[in-house]
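Okay, so here's the structure we're looking at.
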Amino acid sequence: MKRVGYWMSEKKSKKLNFEDHVDMFRNAGVELLKIDIEKPLEDQGPFDMILHKFTDILVKAQHGHITEQRIMRNIENYIDNHPECIVVDPLDGIRKLLDRHEQYNLVLDCNTINTDSYMFIPTFVDLTSKDTDENRKKLLDANVQYPIVCKPIVAHGTQDCHKMAVIFNDDGLKDITPPCVAQTFVNHNAMLYKIFKIGSKQYIGHRPSLKNLHAGDHPTIFFDTHEVCKSDSSHHLTKPDYEDLDLSPLKPDLSQLNALSEALRQKLGLDLFGVDVIIECDTQRYAVIDINVFPNYDEVDNFFGDLLDHLLFLLNKQQDKHSIISQTTPSQNSLLKQTGRSSSLDSCSEHICTKRLKTVDQSGDRGCCCDMNFPKTVCRLNPDLYDCNCCKNRQDLLSKNQRNSAGKTSACRILDEM
C-alpha cells in the first residue's frame, strides 16, 4: 500500500470532497492520509508522496509570518530528508507563480510564446508606486496601452489577489494600488477559456469574461474575477455593448492549446495547474492572462479518477526507477541519477487528451487516451482486442492495482460546439 499524504485548505478540501474518495484510492493500493501541518511530518510518515496546495502558506511565509515560516520549515525538512518522496507539485515551481510579474516572464520564456506566434502574452509592466508620472513612463516604455488591467502582484493565497481594475486613460492612474502588474487589455468578445491540467491530460472549459472595452474618457472599473468570471455569472461587465451584439466568441483550436499547455508544463515542472486563455478579436491569437496552481477541478468530470491515474503513474514510475537503479552497476546508477531517466514507459494516462467540462457519463464509450497522437481514433479499450501498446499498459495498470473502475470516464471528447 502506497502512502500519500495530502494537505490543502479546509475550504478547498471540502469543495473537492477529498475524504469521500478515500475508499476509491485504497482500492487502487493508495492510502490517503491528511497531513497535520502543526505536527512534525517525520512523526506522520513515511510518505511515498505528498500531494498539496501550500500556496496560502508559502505566500504568508514569504511575507514574514512566523507561524507559516515554521510550518514550511517542517515541510521542507521532511522533503529534504526524504528525496525518494514524490512532491506534487514541487515547491520551487509553485513559488515561481506566486508573483505575477515573475509568472508572466516565465510564460514569455516558453518557446511557444512570442510576438510572432499564435500564442502571446499581452504587454505588461510592474508598478511599485503611486507616482503617476513614473507609472506613465513605465507604461510607455513597456508598450502597455489603454485600457489596462491592473492586477495585484501576489497571484495566489490572499483575499485580494482576484481584485482588479481596468483603467482607460492617464487620469485613471491615480487609482492604482501598488505593487501591481499593469497589462494591456485585449478585447476577446467576453469569453474566457480555461485549461485544466492533470499531468499530460488537458480539459478545456469556457467562462464569461469582461466585454470588449476601449480607451477613452471613462471612469476606472473595479471588479473581482471570482464574481465576473464564474461559470454562472450574469455580471453586467460580461454583457456586450450594442455594437458588439453580433460578435460571436471564437472557438479555440484544441491542438494549439495542447501545445501551449504542454510547453508551460515542461517550463514550470508542474502537473496540476490551470491556464486562462482569451482569443484576441482582431488577430485571433491566443493570449495567456493567468496561471493557477492546483485550480478548482470541481467542474471537471471524474477529476479524482484522472488524478488517481496520474498519481499511480508517478508512483509506478518511481518504483520502476528504483528497481532499475538497484540492478545497475555504480557507474550506470550515477548516470541514471544525473539524467533522471528510467526505462519505464509512460502509461496511457500520460498522453495529451482533451474533453469538455460537465460531460455526461462516457463509461460506455471509452476512447484510447493516445487519440491525440493520431488523426483518428486508433484503438478502444476492448478487453479482447488491443490496437496499441499503451492500452495494454493501461489495462495492466488497472488490473495490478485492482482498480474499481465504476463510473470512470476517459477524456477523449473535445470541447462542445458553442
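Following the order of the C-alpha cells, chains are lettered A, B, ..., residues in each are numbered from 1, and ligands are numbered from 1.
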Can you tell me, as a ChimeraX atom specification, which residues in region 8-225 of chain A count as helix (DSSP H, G or I) by DSSP? /A:10-16,18-27,41-43,55-62,66-81,91-98,100-109,132-141,170-175,225
Report as a compact mmCIF listing (two decimals) with C-alpha atoms, in the first residue's frame all protein, DNA and RNA residues lying within 6 Å of region 236-246 of chain A, evaluated on only C-alpha atoms, omitting residues in the same chain fewer than 6 positions from it.
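Saved the output as around_25.txt:
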# COMPACT_ATOMS: atom_id res chain seq x y z
CA ALA A 190 -16.40 38.36 -23.37
CA SER A 209 -15.41 37.35 -19.16
CA LEU A 210 -15.15 41.12 -19.49
CA LYS A 211 -16.89 42.61 -22.51
Counting only C-alpha atoms, which residues in region 174-282 of chain A sit no more than 9 Å from region 91-108 of chain A? For each one, give the nearest pair of atoms and the distance in Å, sorted by chain then residue number, as JSON lines.
{"residue": "A:Cys180", "atom": "CA", "partner": "A:Arg100", "partner_atom": "CA", "distance": 8.3}
{"residue": "A:Val181", "atom": "CA", "partner": "A:His101", "partner_atom": "CA", "distance": 6.4}
{"residue": "A:Leu264", "atom": "CA", "partner": "A:Val107", "partner_atom": "CA", "distance": 7.1}
{"residue": "A:Lys267", "atom": "CA", "partner": "A:Leu106", "partner_atom": "CA", "distance": 7.8}
{"residue": "A:Leu268", "atom": "CA", "partner": "A:Gly93", "partner_atom": "CA", "distance": 5.7}
{"residue": "A:Gly269", "atom": "CA", "partner": "A:Gly93", "partner_atom": "CA", "distance": 6.1}
{"residue": "A:Leu270", "atom": "CA", "partner": "A:Gly93", "partner_atom": "CA", "distance": 6.6}
Determine the nearest neighbour of Asn135 (chain A) from the options A:Ile195, A:Leu307, A:Asp301, A:Pro178, counting only C-alpha atoms. A:Pro178
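Contact shell of Met164 (chain A) at 8 Å (only C-alpha atoms; same-chain neighbours under 2 positions omitted): Val149, Cys150, Lys151, Pro152, Cys161, His162, Val166, Phe222, Phe223, Asp224 and Thr225 of chain A.
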With only C-alpha atoms as the atoms that count, which of A:Leu247, A:Val87, A:Ile57, A:Val275 lies nearest to Val288 (chain A)? A:Val275
Write out as a VMD selection string each polymer residue whose atoms come within 8 Å of Glu280 (chain A), counting only C-alpha atoms; drop sequence neighbours fewer than 3 positions from it. chain A and resid 186 to 188 283 to 287
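CA of Ile86 (chain A) to CA of Ile204 (chain A) spans 27.1 Å [interatomic distance, one decimal].
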Using DSSP on the backbone coordinates, identify all residues within region 238-305 of chain A classified as strand (DSSP E); present the result as JSON, numbers by chain. {"A": [272, 273, 274, 275, 276, 277, 278, 279, 286, 287, 288, 289, 290, 291, 292, 293]}
Using only C-alpha atoms, find the one residue out of A:Glu299, A:Glu76, A:Ser13, A:Ile278 that sits nearest to Asp232 (chain A).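 Closest to Asp232 (chain A) of all the choices is A:Glu299.
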Residue nearest Leu16 (chain A) among A:Phe47, A:Phe303, A:Tyr203, A:Phe185 (counting only C-alpha atoms):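 Residue with the minimum atom-to-atom distance to Leu16 (chain A): A:Phe303.
Of the listed residues A:Lys317, A:Lys251, A:Arg265, A:Lys14, the one whose atoms come nearest to Phe196 (chain A) is A:Arg265, with distances taken using only C-alpha atoms.
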Find the residues around Ile37 (chain A) up to 9 Å (only C-alpha atoms counted), leave out those fewer than 2 positions away in its own chain, and share them as a list in words. Trp7, Ile35, Lys39, Pro40, Leu41, Ile71, Met72, Asn74 and Ile75 of chain A
